[in-house]
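Below: target-v5.txt (compact mmCIF, C-alpha atoms and all ligand atoms)
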# COMPACT_ATOMS: atom_id res chain seq x y z
CA MET A 1 -1.94 95.37 70.52
CA THR A 2 -0.04 98.60 70.09
CA ALA A 3 2.75 99.09 67.55
CA ILE A 4 5.27 98.98 70.39
CA ASP A 5 3.96 95.61 71.69
CA GLN A 6 4.49 94.15 68.26
CA ALA A 7 8.12 95.35 68.07
CA VAL A 8 11.05 92.93 68.12
CA ALA A 9 11.97 91.67 71.60
CA ILE A 10 14.45 93.84 73.50
CA ASP A 11 17.87 92.29 74.23
CA ALA A 12 18.49 93.31 77.87
CA ASP A 13 22.29 92.99 77.52
CA LYS A 14 22.37 95.26 74.47
CA LEU A 15 20.14 97.76 76.23
CA GLN A 16 22.43 97.80 79.27
CA GLU A 17 25.49 98.12 77.06
CA PHE A 18 23.93 101.14 75.34
CA VAL A 19 23.01 102.77 78.68
CA PHE A 20 26.61 102.38 79.92
CA LYS A 21 27.91 103.77 76.65
CA ALA A 22 25.62 106.76 77.23
CA VAL A 23 27.11 107.26 80.73
CA GLY A 24 30.49 107.66 79.04
CA GLU A 25 28.98 110.09 76.54
CA VAL A 26 27.45 112.27 79.26
CA GLY A 27 30.74 112.29 81.19
CA ALA A 28 32.56 113.32 78.00
CA THR A 29 30.02 116.05 77.26
CA LEU A 30 30.43 117.53 80.74
CA ASN A 31 34.20 117.20 80.50
CA THR A 32 34.10 119.64 77.57
CA ALA A 33 33.15 122.34 80.08
CA LEU A 34 35.74 121.09 82.57
CA VAL A 35 38.55 121.20 79.99
CA VAL A 36 37.65 124.79 79.08
CA MET A 37 37.53 125.58 82.82
CA GLY A 38 40.95 123.97 83.34
CA ASP A 39 42.35 125.93 80.41
CA LYS A 40 40.88 129.26 81.55
CA LEU A 41 41.94 128.83 85.21
CA GLY A 42 45.46 127.68 84.28
CA LEU A 43 44.97 124.31 86.03
CA TYR A 44 46.57 122.23 83.25
CA ARG A 45 49.44 124.71 82.87
CA ALA A 46 50.15 124.51 86.61
CA LEU A 47 50.04 120.70 86.51
CA ALA A 48 52.31 120.46 83.44
CA GLY A 49 55.78 119.35 84.46
CA ALA A 50 55.00 119.91 88.15
CA GLY A 51 54.94 116.24 89.19
CA PRO A 52 52.28 114.98 91.60
CA LEU A 53 50.20 117.78 93.20
CA SER A 54 47.51 117.74 95.86
CA PRO A 55 44.30 119.74 95.28
CA ALA A 56 45.49 122.29 97.85
CA GLU A 57 48.85 122.71 96.10
CA LEU A 58 47.18 123.12 92.68
CA ALA A 59 44.66 125.60 94.12
CA GLU A 60 47.45 127.58 95.74
CA ARG A 61 49.49 127.73 92.51
CA THR A 62 46.49 128.89 90.45
CA GLY A 63 44.79 131.20 92.95
CA THR A 64 41.65 129.06 92.92
CA ALA A 65 39.44 127.47 95.58
CA GLU A 66 40.62 124.06 96.81
CA ARG A 67 37.13 122.53 97.07
CA TYR A 68 36.40 123.20 93.37
CA VAL A 69 39.86 122.07 92.31
CA ARG A 70 39.51 118.77 94.21
CA GLU A 71 36.22 117.96 92.51
CA TRP A 72 37.61 119.00 89.10
CA LEU A 73 40.70 116.80 89.63
CA ASN A 74 38.54 113.78 90.49
CA ALA A 75 36.54 114.25 87.31
CA GLN A 76 39.80 114.54 85.35
CA ALA A 77 41.15 111.37 86.99
CA ALA A 78 37.94 109.43 86.28
CA GLY A 79 38.26 110.41 82.62
CA ASP A 80 42.00 109.57 82.40
CA PHE A 81 42.99 113.19 81.79
CA VAL A 82 45.21 113.03 84.90
CA SER A 83 46.36 110.08 87.02
CA TYR A 84 45.62 109.74 90.75
CA ASP A 85 47.86 108.19 93.41
CA PRO A 86 45.65 107.04 96.33
CA ASP A 87 48.63 106.70 98.68
CA SER A 88 49.71 110.34 98.42
CA GLY A 89 46.33 111.82 97.41
CA ARG A 90 48.14 113.60 94.55
CA TYR A 91 47.37 114.00 90.86
CA THR A 92 49.76 114.00 87.90
CA LEU A 93 49.43 115.25 84.32
CA ALA A 94 51.38 112.94 81.97
CA PRO A 95 53.85 114.64 79.57
CA GLU A 96 51.74 113.70 76.52
CA GLN A 97 48.61 115.18 78.09
CA ALA A 98 50.63 118.26 79.07
CA VAL A 99 51.57 118.80 75.41
CA ALA A 100 48.00 118.30 74.17
CA LEU A 101 46.46 120.52 76.85
CA THR A 102 49.06 123.29 77.27
CA ASP A 103 51.44 123.57 74.29
CA ALA A 104 49.84 125.96 71.79
CA SER A 105 52.71 125.35 69.33
CA SER A 106 51.95 121.62 69.09
CA MET A 107 49.78 120.15 66.34
CA ALA A 108 48.16 118.06 69.11
CA TYR A 109 46.99 121.17 71.03
CA LEU A 110 43.36 120.56 72.06
CA PRO A 111 41.87 123.42 74.14
CA GLY A 112 40.45 125.20 71.06
CA PHE A 113 38.66 122.02 69.99
CA PHE A 114 36.92 121.86 73.39
CA GLN A 115 36.24 125.62 73.38
CA ILE A 116 34.43 125.59 70.02
CA ALA A 117 32.54 122.47 71.14
CA LEU A 118 31.43 124.18 74.35
CA GLY A 119 30.34 127.30 72.45
CA SER A 120 28.37 125.13 70.02
CA VAL A 121 26.62 123.33 72.86
CA LEU A 122 25.80 126.63 74.61
CA ASP A 123 24.05 127.86 71.46
CA SER A 124 22.29 124.55 70.75
CA PRO A 125 18.81 125.67 72.00
CA LYS A 126 18.84 128.29 69.22
CA ILE A 127 19.69 125.59 66.69
CA ALA A 128 16.90 123.33 67.98
CA ASP A 129 14.47 126.23 67.41
CA ALA A 130 15.85 126.80 63.91
CA ALA A 131 15.51 123.10 63.09
CA ARG A 132 11.72 123.33 63.54
CA THR A 133 11.40 125.84 60.74
CA GLY A 134 14.53 125.38 58.61
CA ALA A 135 15.70 128.90 59.50
CA GLY A 136 19.42 129.58 59.59
CA TYR A 137 21.68 130.80 62.39
CA GLY A 138 24.58 133.00 61.33
CA TRP A 139 28.22 132.48 62.32
CA HIS A 140 28.19 136.04 63.70
CA GLU A 141 25.30 135.20 66.08
CA HIS A 142 27.27 132.64 68.08
CA VAL A 143 28.91 133.12 71.49
CA HIS A 144 32.53 134.24 71.54
CA ASP A 145 33.78 130.74 72.47
CA VAL A 146 32.77 129.59 68.97
CA HIS A 147 34.83 132.30 67.25
CA GLU A 148 37.87 132.13 69.52
CA GLY A 149 37.70 128.32 69.81
CA CYS A 150 37.60 128.06 66.01
CA GLU A 151 40.84 130.00 65.65
CA ARG A 152 42.55 128.10 68.46
CA PHE A 153 41.37 124.75 67.04
CA PHE A 154 42.51 125.34 63.45
CA ARG A 155 45.71 127.32 64.07
CA PRO A 156 47.90 124.35 65.19
CA GLY A 157 47.05 122.47 61.98
CA TYR A 158 47.86 125.53 59.85
CA ASN A 159 51.14 126.06 61.74
CA ALA A 160 52.12 122.45 61.13
CA ASN A 161 51.04 122.10 57.48
CA LEU A 162 50.39 125.31 55.63
CA THR A 163 53.88 126.47 54.63
CA SER A 164 55.59 123.08 54.93
CA ALA A 165 53.12 120.92 52.98
CA TRP A 166 49.95 122.55 51.65
CA LEU A 167 51.33 125.57 49.75
CA PRO A 168 54.28 123.54 48.34
CA ALA A 169 51.77 121.00 46.99
CA LEU A 170 50.23 123.68 44.74
CA ASP A 171 51.64 124.03 41.25
CA GLY A 172 54.19 126.88 41.16
CA VAL A 173 52.63 128.87 44.00
CA VAL A 174 55.55 128.96 46.45
CA ALA A 175 57.87 130.45 43.79
CA LYS A 176 55.32 133.25 43.23
CA LEU A 177 54.94 133.84 46.98
CA GLU A 178 58.69 134.07 47.41
CA THR A 179 59.06 136.57 44.55
CA GLY A 180 56.06 138.66 45.54
CA ALA A 181 52.45 137.59 45.05
CA ILE A 182 49.09 139.18 45.80
CA VAL A 183 46.94 136.91 47.92
CA ALA A 184 43.30 137.04 49.06
CA ASP A 185 42.42 134.94 52.13
CA VAL A 186 38.62 134.77 52.06
CA GLY A 187 36.50 133.85 55.11
CA CYS A 188 39.65 134.41 57.16
CA GLY A 189 38.00 134.67 60.60
CA HIS A 190 40.63 135.84 63.10
CA GLY A 191 43.27 135.83 60.35
CA ALA A 192 45.44 132.96 61.65
CA SER A 193 46.13 131.65 58.13
CA THR A 194 46.61 135.15 56.65
CA ILE A 195 49.17 136.12 59.28
CA LEU A 196 51.03 132.83 59.02
CA MET A 197 51.41 133.24 55.23
CA ALA A 198 52.46 136.88 55.63
CA GLN A 199 55.17 135.87 58.11
CA ALA A 200 56.48 133.16 55.77
CA TYR A 201 56.50 135.25 52.56
CA PRO A 202 57.73 138.80 53.28
CA ASN A 203 57.71 139.84 49.58
CA SER A 204 53.99 139.17 49.18
CA THR A 205 50.91 141.18 50.16
CA PHE A 206 47.76 139.76 51.67
CA VAL A 207 44.10 140.82 51.83
CA GLY A 208 42.06 138.92 54.39
CA SER A 209 38.28 139.24 54.32
CA ASP A 210 35.29 137.92 56.23
CA TYR A 211 31.67 139.06 56.53
CA HIS A 212 31.90 138.95 60.36
CA ASP A 213 32.97 142.39 61.64
CA ALA A 214 34.13 141.27 65.11
CA SER A 215 36.36 138.57 63.59
CA ILE A 216 37.96 141.14 61.29
CA GLU A 217 38.61 143.48 64.23
CA THR A 218 40.43 140.63 65.99
CA ALA A 219 42.35 139.77 62.80
CA ARG A 220 43.55 143.39 62.49
CA HIS A 221 44.67 143.36 66.12
CA ASN A 222 46.46 140.02 65.64
CA ALA A 223 48.27 141.27 62.51
CA LYS A 224 49.55 144.30 64.42
CA GLU A 225 50.74 142.09 67.27
CA ALA A 226 52.51 139.81 64.76
CA GLY A 227 54.23 142.80 63.14
CA VAL A 228 52.82 142.14 59.65
CA ALA A 229 50.14 144.85 59.52
CA GLY A 230 52.10 146.72 56.81
CA ARG A 231 51.59 143.94 54.26
CA VAL A 232 48.25 142.60 55.46
CA THR A 233 44.90 144.36 55.25
CA PHE A 234 41.58 143.01 56.46
CA ASP A 235 38.18 143.91 55.00
CA ILE A 236 34.66 143.23 56.20
CA THR A 237 33.14 141.78 53.02
CA PRO A 238 31.26 138.65 52.01
CA ALA A 239 33.03 136.13 49.80
CA SER A 240 30.83 137.07 46.85
CA GLY A 241 32.16 140.64 46.85
CA TYR A 242 35.66 140.99 48.29
CA SER A 243 37.66 143.72 46.64
CA GLY A 244 40.58 143.68 44.22
CA THR A 245 41.51 141.70 41.12
CA GLY A 246 44.66 140.19 39.66
CA TYR A 247 45.27 137.85 42.59
CA ASP A 248 47.94 135.17 42.19
CA LEU A 249 46.40 133.09 44.93
CA VAL A 250 43.01 133.02 46.64
CA THR A 251 42.71 130.86 49.76
CA MET A 252 39.69 129.63 51.72
CA PHE A 253 40.32 127.82 54.97
CA ASP A 254 37.45 125.77 56.38
CA CYS A 255 34.80 128.22 55.23
CA LEU A 256 33.52 127.40 51.71
CA HIS A 257 30.95 124.95 53.09
CA ASP A 258 29.78 127.58 55.63
CA MET A 259 28.76 129.98 52.88
CA GLY A 260 25.17 130.29 51.70
CA ASP A 261 26.20 130.63 48.07
CA PRO A 262 29.51 128.81 47.54
CA VAL A 263 28.95 128.75 43.77
CA GLY A 264 28.53 132.55 43.75
CA ALA A 265 31.72 132.78 45.83
CA ALA A 266 33.51 130.47 43.35
CA ARG A 267 32.44 132.70 40.44
CA HIS A 268 33.78 135.73 42.29
CA VAL A 269 37.10 133.98 42.95
CA ARG A 270 37.31 133.13 39.24
CA SER A 271 36.72 136.78 38.31
CA THR A 272 39.38 138.10 40.70
CA LEU A 273 42.18 135.63 39.87
CA LYS A 274 44.93 136.15 37.32
CA PRO A 275 44.48 133.81 34.30
CA ASP A 276 47.22 131.54 35.71
CA GLY A 277 46.20 132.04 39.35
CA THR A 278 45.33 129.40 41.91
CA TRP A 279 42.44 128.92 44.29
CA MET A 280 43.37 126.82 47.34
CA ILE A 281 40.42 125.34 49.20
CA VAL A 282 40.95 123.77 52.60
CA GLU A 283 37.92 121.78 53.72
CA PRO A 284 37.21 119.33 56.54
CA GLN A 285 38.38 115.82 55.66
CA ALA A 286 35.40 113.81 54.38
CA GLY A 287 34.47 110.96 52.10
CA ASP A 288 31.74 111.41 49.49
CA ARG A 289 29.45 108.81 51.08
CA VAL A 290 27.90 109.00 54.55
CA GLU A 291 29.22 105.56 55.48
CA GLU A 292 32.80 106.70 54.82
CA ASN A 293 32.40 109.36 57.53
CA LEU A 294 30.99 107.20 60.30
CA ASN A 295 34.15 107.40 62.42
CA PRO A 296 35.29 109.63 65.33
CA VAL A 297 36.42 112.53 63.13
CA GLY A 298 33.27 112.32 60.99
CA ARG A 299 31.17 112.19 64.13
CA ALA A 300 32.67 115.42 65.49
CA TYR A 301 32.36 117.11 62.10
CA TYR A 302 28.72 116.03 61.53
CA ALA A 303 27.96 117.42 65.01
CA PHE A 304 29.71 120.73 64.28
CA SER A 305 27.95 120.75 60.92
CA THR A 306 24.55 120.38 62.61
CA LEU A 307 25.23 123.09 65.19
CA LEU A 308 27.41 125.56 63.22
CA CYS A 309 28.05 125.01 59.50
CA THR A 310 24.63 124.02 58.17
CA PRO A 311 22.76 126.78 60.06
CA ALA A 312 25.44 129.30 58.99
CA SER A 313 24.88 128.51 55.32
CA LEU A 314 21.08 128.44 55.72
CA SER A 315 21.22 131.93 57.26
CA GLN A 316 22.61 133.38 54.01
CA GLU A 317 21.21 133.93 50.53
CA VAL A 318 20.77 130.71 48.50
CA GLY A 319 21.45 128.54 51.60
CA LEU A 320 23.05 125.66 49.72
CA ALA A 321 24.10 124.06 53.04
CA LEU A 322 26.91 121.84 51.79
CA GLY A 323 27.64 120.75 55.37
CA ALA A 324 31.05 120.11 56.89
CA GLN A 325 31.18 116.60 55.40
CA ALA A 326 30.40 117.61 51.83
CA GLY A 327 33.20 115.47 50.34
CA GLU A 328 35.41 115.99 47.32
CA ALA A 329 32.76 115.32 44.65
CA ARG A 330 30.41 118.06 45.98
CA ILE A 331 33.30 120.53 46.29
CA ALA A 332 34.35 119.68 42.72
CA ASP A 333 30.79 120.44 41.50
CA VAL A 334 30.89 123.87 43.18
CA VAL A 335 34.31 124.65 41.72
CA GLU A 336 33.25 123.62 38.22
CA ALA A 337 30.01 125.61 38.45
CA GLY A 338 32.16 128.61 39.38
CA GLY A 339 33.96 128.41 36.02
CA PHE A 340 37.14 126.51 36.94
CA THR A 341 38.41 123.86 34.54
CA ARG A 342 41.02 122.08 36.69
CA PHE A 343 40.55 120.61 40.15
CA ARG A 344 42.59 118.17 42.21
CA ARG A 345 43.23 117.08 45.79
CA VAL A 346 46.80 118.07 46.66
CA ALA A 347 47.18 117.22 50.35
CA GLU A 348 45.33 115.90 53.37
CA THR A 349 45.58 115.34 57.11
CA PRO A 350 43.20 113.37 59.35
CA PHE A 351 41.24 116.63 59.75
CA ASN A 352 41.58 118.49 56.45
CA ALA A 353 41.56 117.95 52.69
CA VAL A 354 43.34 120.51 50.51
CA PHE A 355 42.22 121.19 46.94
CA GLU A 356 43.72 123.18 44.07
CA ALA A 357 41.41 124.82 41.52
CA ARG A 358 42.74 126.57 38.40
CA PRO A 359 40.86 128.61 35.76
C1 LIG A 401 34.86 127.83 60.47
S1 LIG A 401 35.24 129.53 60.34
C2 LIG A 401 36.90 129.50 59.66
C3 LIG A 401 37.61 130.79 59.87
C4 LIG A 401 39.05 130.84 59.38
N1 LIG A 401 39.15 130.68 57.95
C5 LIG A 401 39.91 129.80 60.09
O1 LIG A 401 40.33 128.84 59.43
O2 LIG A 401 40.15 129.95 61.30
C6 LIG A 401 34.26 130.03 58.95
C7 LIG A 401 34.40 131.48 58.59
O3 LIG A 401 33.67 131.73 57.39
C8 LIG A 401 33.10 133.02 57.50
N2 LIG A 401 32.00 133.13 56.52
C9 LIG A 401 30.84 132.44 56.49
N3 LIG A 401 30.12 132.83 55.44
C10 LIG A 401 30.82 133.77 54.78
C11 LIG A 401 30.60 134.54 53.61
N4 LIG A 401 29.50 134.38 52.88
N5 LIG A 401 31.55 135.42 53.24
C12 LIG A 401 32.69 135.57 53.95
N6 LIG A 401 32.95 134.88 55.08
C13 LIG A 401 32.04 133.98 55.48
C14 LIG A 401 32.67 133.10 58.95
O4 LIG A 401 32.45 134.43 59.37
C15 LIG A 401 33.86 132.43 59.64
O5 LIG A 401 34.84 133.37 59.99

Output the file's structure as structure tokens, nothing else.
Ligand SMILES: C[S@@+](CC[C@H](N)C(=O)[O-])C[C@H]1O[C@@H](n2cnc3c(N)ncnc32)[C@H](O)[C@@H]1O
Amino acid sequence: MTAIDQAVAIDADKLQEFVFKAVGEVGATLNTALVVMGDKLGLYRALAGAGPLSPAELAERTGTAERYVREWLNAQAAGDFVSYDPDSGRYTLAPEQAVALTDASSMAYLPGFFQIALGSVLDSPKIADAARTGAGYGWHEHVHDVHEGCERFFRPGYNANLTSAWLPALDGVVAKLETGAIVADVGCGHGASTILMAQAYPNSTFVGSDYHDASIETARHNAKEAGVAGRVTFDITPASGYSGTGYDLVTMFDCLHDMGDPVGAARHVRSTLKPDGTWMIVEPQAGDRVEENLNPVGRAYYAFSTLLCTPASLSQEVGLALGAQAGEARIADVVEAGGFTRFRRVAETPFNAVFEARP
């Protein structure tokens, strides 16, 4: 008898249930590409508030080909992203879906989430290769959809929480920002958080930095467009060596766990802060134990961690690979090893935990 013959008997109902669950998973995976397609072609924007539309009407309004649009609409209807009326042959985007799929100012805005997911999937063969050897794969090596999707995914949460909840939760920081503080935003990517803070606190100056040159170019462009370039500079430097000292506030948004040497970065933050300065660390929401993260948000984050965060850290010196679900206790260890004596959780959302570290 082989090992398989000796295995426990298979429950046919459970097997069938799992196969049907997998059908849903495959449909959802493919829909990631269809959502990005709908976003890029303006299909959701044309549907938003338009009432019921036929494929030909939607194609006409978006300058696209009716045959593709019809197939895309049927996939959207099968996945409950739009509703279908068989009598009229028309499709409708509900107001709630219109907000989530087209309103970039809403906290519920989703296209960036799908865009970074699609970029991650496109690069997954490289990650599978790296997983054979334990090699890393740098953030800078990914397709553009990862970088742009990241900014578009995180920005709505920063818009909704950063100046209204997260900064006010830090001890005495808002008063300093209002009077005139010097702030370093490390691992700033496209600079969404840096620019938002600069717009909210016109008496303060901001230095954004990131090791990824193309992200910094985009951040500079975005700062000019936002009219804050006079008080915001962006440097291409790793977190372990960004320039300047005497900072009132150092911020890291969703990037500490991506770094190869977060303890080295923490030491550098400690050395560049004023004695009464503050380090704000925004990390993905996570419990300390695996079982606390076995939920839909944890699932997405463990997947991003496998495809983006863990390889990013492994591609750098030290390669600590905290992962996107490191949890508060691991972050506290890093902060303490960096020479900070005070650490507390000050705010959270379903997606993010916000920590304050003080010298
Ligand atoms: C998930 S993205 C977050 C970007 C940005 N903070 C945001 O919230 O949109 C992680 C960022 O960390 C940056 N990064 C990774 N390792 C770094 C390092 N050692 N030094 C500086 N930046 C780093 C990446 O280039 C990337 O821009």

Listed atoms of ligand LIG 401 (chain A), axis-aligned box, 8 Å per side: centre and edge lengths to one decimal in Å, as AutoDock Vina command-line options?
--center_x 34.9 --center_y 131.7 --center_z 57.1 --size_x 26.8 --size_y 23.7 --size_z 24.4

Spatial neighbours of Tyr68 in chain A, max dist 12 Å, all atoms listed in the file, sep filter under 3 positions, as a PyMOL selection string: chain A and resi 34+37-38+41+43+55-56+58-59+62-65+71-75

Got a sec to check which residues sit within 12 Å of (36.6, 119.0, 42.6), counting only C-alpha atoms, and write them as number ranges by chain? A: 266, 279-283, 288, 326-346, 353-358

Residues contacting ligand LIG 401 (chain A) - anything with an atom at most 6 Å away, using all atoms listed in the file - can you give me those as a list in words?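 If we count all atoms listed in the file, the neighbours of ligand LIG 401 (chain A) turn out to be Trp139, Cys150, Glu151, Phe154, Gly187, Cys188, Gly189, Asp210, Tyr211, His212, Pro238, Ala239, Phe253, Asp254, Cys255, Asp258 and Met259 of chain A.
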
Straight-line distance linking CA of Pro52 in chain A with CA of Val69 in chain A, stated in Å to one decimal: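 So the two atoms, CA of Pro52 in chain A and CA of Val69 in chain A, lie 14.3 Å apart.
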
Could you check the closest approach to Tyr301 in chain A for each of A:Val318, A:Ile216, A:Asn352, A:Ile182 and tell me which residue wins, using only C-alpha atoms? A:Asn352

Residues within 9 Å of Val297 in chain A, please, as a PyMOL selection string. Count only C-alpha atoms; anything in the same chain fewer than 6 positions from it doesn't count. chain A and resi 285-286+350-351

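Put simply, CA of Ile127 in chain A is 26.2 Å away from CA of Ser209 in chain A.
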